[in-house]
Every structure is written in structure tokens, then in C-alpha cells.
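Dropping protein03.txt in here (compact mmCIF, C-alpha atoms):
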# COMPACT_ATOMS: atom_id res chain seq x y z
CA VAL U 1 0.00 0.00 0.00
CA LEU U 2 1.49 3.35 -1.00
CA LEU U 3 0.23 6.47 0.75
CA VAL U 4 1.11 9.94 -0.44
CA LEU U 5 0.36 12.53 2.20
CA THR U 6 -0.51 15.79 0.54
CA PRO U 7 -0.93 18.39 1.70
CA TRP U 8 1.20 17.48 4.71
CA ASP U 9 -1.05 19.28 7.21
CA LYS U 10 -4.39 17.91 5.97
CA PRO U 11 -3.79 14.86 3.78
CA VAL U 12 -6.67 14.30 1.39
CA LEU U 13 -6.48 10.53 1.81
CA LEU U 14 -7.51 10.88 5.48
CA SER U 15 -10.97 11.91 4.32
CA ARG U 16 -11.41 9.09 1.78
CA ALA U 17 -13.21 6.02 3.05
CA TRP U 18 -11.44 3.40 1.00
CA CYS U 19 -7.99 4.90 1.59
CA LEU U 20 -8.62 4.61 5.32
CA TRP U 21 -9.93 1.08 4.87
CA GLU U 22 -6.79 0.06 2.97
CA ILE U 23 -4.55 1.57 5.65
CA TYR U 24 -6.53 -0.25 8.33
CA CYS U 25 -6.40 -3.58 6.50
CA ALA U 26 -2.67 -3.30 5.85
CA ALA U 27 -1.99 -2.36 9.47
CA THR U 28 -4.12 -5.09 11.03
CA SER U 29 -3.69 -7.90 8.54
CA GLN U 30 -2.68 -11.29 9.92
CA THR U 31 -0.13 -11.23 7.14
CA ALA U 32 1.04 -7.71 7.99
CA ARG U 33 4.62 -8.74 7.37
CA LYS U 34 3.66 -9.47 3.76
CA VAL U 35 1.65 -6.27 3.30
CA LYS U 36 4.12 -3.42 3.08
CA MET U 37 2.79 0.03 3.74
CA SER U 38 4.93 2.86 2.41
CA ILE U 39 4.14 6.45 3.24
CA GLY U 40 5.57 9.25 1.18
CA LEU U 41 5.65 13.00 1.19
CA PRO U 42 6.12 14.90 -2.06
CA PRO U 43 9.33 16.99 -2.11
CA SER U 44 7.18 20.12 -2.35
CA GLN U 45 5.67 19.30 1.05
CA ARG U 46 8.88 18.53 2.98
CA ALA U 47 9.82 22.12 3.83
CA GLY U 48 6.26 22.89 4.88
CA LEU U 49 6.19 19.91 7.23
CA LEU U 50 9.49 20.86 8.85
CA ALA U 51 8.50 24.54 9.17
CA GLY U 52 5.07 23.63 10.50
CA VAL U 53 6.48 21.33 13.14
CA ALA U 54 9.08 23.91 14.13
CA THR U 55 6.22 26.28 14.85
CA THR U 56 3.75 23.85 16.39
CA PHE U 57 3.26 20.10 16.41
CA SER U 58 -0.47 20.59 16.96
CA THR U 59 -1.09 20.83 13.20
CA ILE U 60 -0.21 17.15 12.82
CA VAL U 61 -2.20 16.21 15.90
CA THR U 62 -5.20 18.10 14.52
CA ALA U 63 -4.90 16.41 11.11
CA LEU U 64 -4.83 12.99 12.75
CA ASN U 65 -7.62 13.79 15.20
CA ASP U 66 -9.83 15.16 12.41
CA MET U 67 -9.60 11.81 10.63
CA ASN U 68 -12.78 9.83 11.24
CA VAL U 69 -13.52 6.57 9.48
CA ALA U 70 -17.24 6.88 10.20
CA GLN U 71 -17.37 10.25 8.41
CA ALA U 72 -15.00 9.47 5.54
CA ALA U 73 -16.48 9.98 2.11
CA ALA U 74 -16.56 7.74 -0.91
CA ARG U 75 -17.73 8.46 -4.42
CA LEU U 76 -20.53 5.95 -3.98
CA LYS U 77 -22.78 5.96 -0.94
CA SER U 78 -22.86 2.15 -1.14
CA ASP U 79 -19.06 2.13 -0.62
CA GLU U 80 -19.41 4.24 2.53
CA GLU U 81 -22.09 1.90 3.84
CA ALA U 82 -20.03 -1.19 3.02
CA LEU U 83 -17.06 0.22 4.92
CA ARG U 84 -19.18 0.94 7.97
CA ARG U 85 -20.65 -2.57 7.85
CA ALA U 86 -17.18 -4.08 7.56
CA LEU U 87 -16.06 -2.21 10.66
CA THR U 88 -18.97 -3.42 12.75
CA THR U 89 -17.51 -5.57 15.47
CA ALA U 90 -20.73 -7.30 16.52
CA LYS U 91 -23.95 -8.19 14.77
CA SER U 92 -27.27 -7.49 16.40
CA ASN U 93 -30.89 -7.12 15.42
CA ASN U 94 -31.14 -4.37 18.03
CA PRO U 95 -30.37 -1.13 16.14
CA GLU U 96 -28.92 0.56 19.23
CA ILE U 97 -26.50 -2.29 19.85
CA ALA U 98 -25.60 -2.45 16.16
CA ALA U 99 -24.95 1.31 16.11
CA ALA U 100 -22.78 1.09 19.23
CA ALA U 101 -20.81 -1.82 17.75
CA ALA U 102 -20.25 0.12 14.54
CA ALA U 103 -19.06 3.16 16.51
CA ILE U 104 -16.64 1.00 18.50
CA GLY U 105 -15.37 -0.63 15.32
CA ALA U 106 -14.88 2.74 13.65
CA LEU U 107 -13.11 4.09 16.72
CA ALA U 108 -10.77 1.10 16.78
CA ALA U 109 -10.00 1.71 13.10
CA ASP U 110 -9.37 5.41 13.77
CA ILE U 111 -6.95 4.54 16.57
CA GLU U 112 -5.06 1.99 14.48
CA ILE U 113 -4.76 4.32 11.47
CA GLN U 114 -3.79 7.30 13.62
CA GLY U 115 -1.10 5.22 15.30
CA GLN U 116 0.41 4.17 11.97
CA LEU U 117 0.44 7.72 10.66
CA LYS U 118 1.70 9.22 13.93
CA ASP U 119 4.67 6.87 13.86
CA TRP U 120 5.42 7.89 10.27
CA TYR U 121 5.10 11.62 11.03
CA VAL U 122 7.46 11.36 14.01
CA ALA U 123 10.06 9.39 12.05
CA THR U 124 9.79 11.73 9.05
CA VAL U 125 10.07 14.91 11.10
CA HIS U 126 13.07 13.45 12.90
CA ALA U 127 14.74 12.60 9.56
CA LEU U 128 13.95 16.05 8.11
CA ALA U 129 15.33 17.76 11.21
CA GLU U 130 18.54 15.74 10.94
CA GLU U 131 18.83 16.64 7.25
CA ALA U 132 18.28 20.31 8.07
CA ALA U 133 20.85 20.19 10.88
CA ALA U 134 23.35 18.49 8.59
CA GLY U 135 22.69 21.16 5.96
CA VAL U 136 23.23 23.93 8.51
CA THR U 137 26.41 22.25 9.71
CA ALA U 138 27.63 21.80 6.13
CA SER U 139 26.76 25.43 5.30
CA ALA U 140 28.55 26.68 8.43
CA SER U 141 31.62 24.57 7.58
CA SER U 142 31.64 25.90 4.02
CA ALA U 143 31.30 29.48 5.23
CA ALA U 144 34.11 28.99 7.78
CA SER U 145 36.35 27.45 5.11
CA ALA U 146 35.63 30.33 2.73
CA ALA U 147 36.29 32.92 5.44
CA SER U 148 39.65 31.39 6.39
CA ALA U 149 40.80 31.20 2.75
Will you turn the file into C-alpha cells for me?
Amino acid sequence: VLLVLTPWDKPVLLSRAWCLWEIYCAATSQTARKVKMSIGLPPSQRAGLLAGVATTFSTIVTALNDMNVAQAAARLKSDEEALRRALTTAKSNNPEIAAAAAAIGALAADIEIQGQLKDWYVATVHALAEEAAAGVTASASSAASAASA
């Protein structure tokens, strides 16, 4: 599964029902070791992510918290309904129990997906910060070398 998070602060795929379903299935699959999930950030978004995190990490937290499987949209209403049915953790003829089970299932999916994306964001921000620090160090070294020459 390949995810491209764009824009970095409000990825479109977090509002798409089947994108969320695919993330959830890849993350919770019994064969998770066989299902590789790769998350990418377009080069045009890298600087924005690093600058945004330098200012406040809450933007990422907000993006993840705004994600809601139960409210995710699909082109077809039948797709949205199928996703919600698939996330139902218990079957019941009682509509209240069925609704509660669906809410619990959707919440569990939200938590799993948010966890996967949070881990990626943290690792990516760490890597970008190291790259930026290395660039600053390299720039400072170059400037010092030029000044001493």
C-alpha cells in the first residue's frame, strides 16, 4: 500500500473512506509482514512539514484527530455503507447495539490508522530535522572554510 500525504497538514487521503480502509487492513492484517505500507511525502511538502512542526506540532495532531472513518467519504454511498458494515464488530438485530458496535469498530480503526500515521510523522520529522541540521552544519563549515581562505 502506497500512501502519499498531501498536503502534509491535511492529507486528502484521510478523508477518503477506501484509503482509510486500505490503511486499516494493511496495518491489522494477519499477514502484515507481507503487506508493506509505504508512506511518502512529495518533495514540495517537505519544507512545509518541517516549518510547520518547528512552529507547532499541533497541526499534525489536529490532522490525525480530524480523521474519522465513520465520516469518511466515498464516491458511492454504497461504498461508505459497506465500509461501515465491515467495521462493525458485533452483529445485532437491536439497532442501538448495532450502532454502538459500529461506533466502536470505527473508533478502533481510527486509533489503528492514527497510530500508523503518527509513527510515520514522528520518524519523518526526525529525519527532516537531521537533514536540516546536517545542511546547517555543512553550510557553516563551508562558510568557515571560505572565510579562512
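Proximity to Asp66 of chain U was assessed for U:Pro11, U:Gly48, U:Gly135, U:Gly40 counting only C-alpha atoms; the smallest distance is recorded for U:Pro11.
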Env of segment 74-78 of chain U: 12 Å cut, atoms = all atoms listed in the file, seq-sep filter 5 positions within chain, self excluded. Answer as a ChimeraX atom specification.
/U:13-21,69,83-85
Could you work out how far atom CA of Ile39 of chain U lies from atom CA of Leu5 of chain U, giving the answer in Å with one decimal?
7.2 Å
Of the candidates U:Met37, U:Leu117, U:Leu128, U:Ala86, which one gets nearest to Leu49 of chain U if we count all atoms listed in the file?
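Using all atoms listed in the file, the shortest distance to Leu49 of chain U belongs to U:Leu128.
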Counting all atoms listed in the file, the option among U:Ile23, U:Ala129, U:Ile113, U:Ala108 closest to Leu64 of chain U:
U:Ile113
Between atom CA of Ala72 of chain U and atom CA of Pro43 of chain U, what is the distance in Å, rounded to a tenth?
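Value for the atom CA of Ala72 of chain U-atom CA of Pro43 of chain U distance: 26.6 Å.
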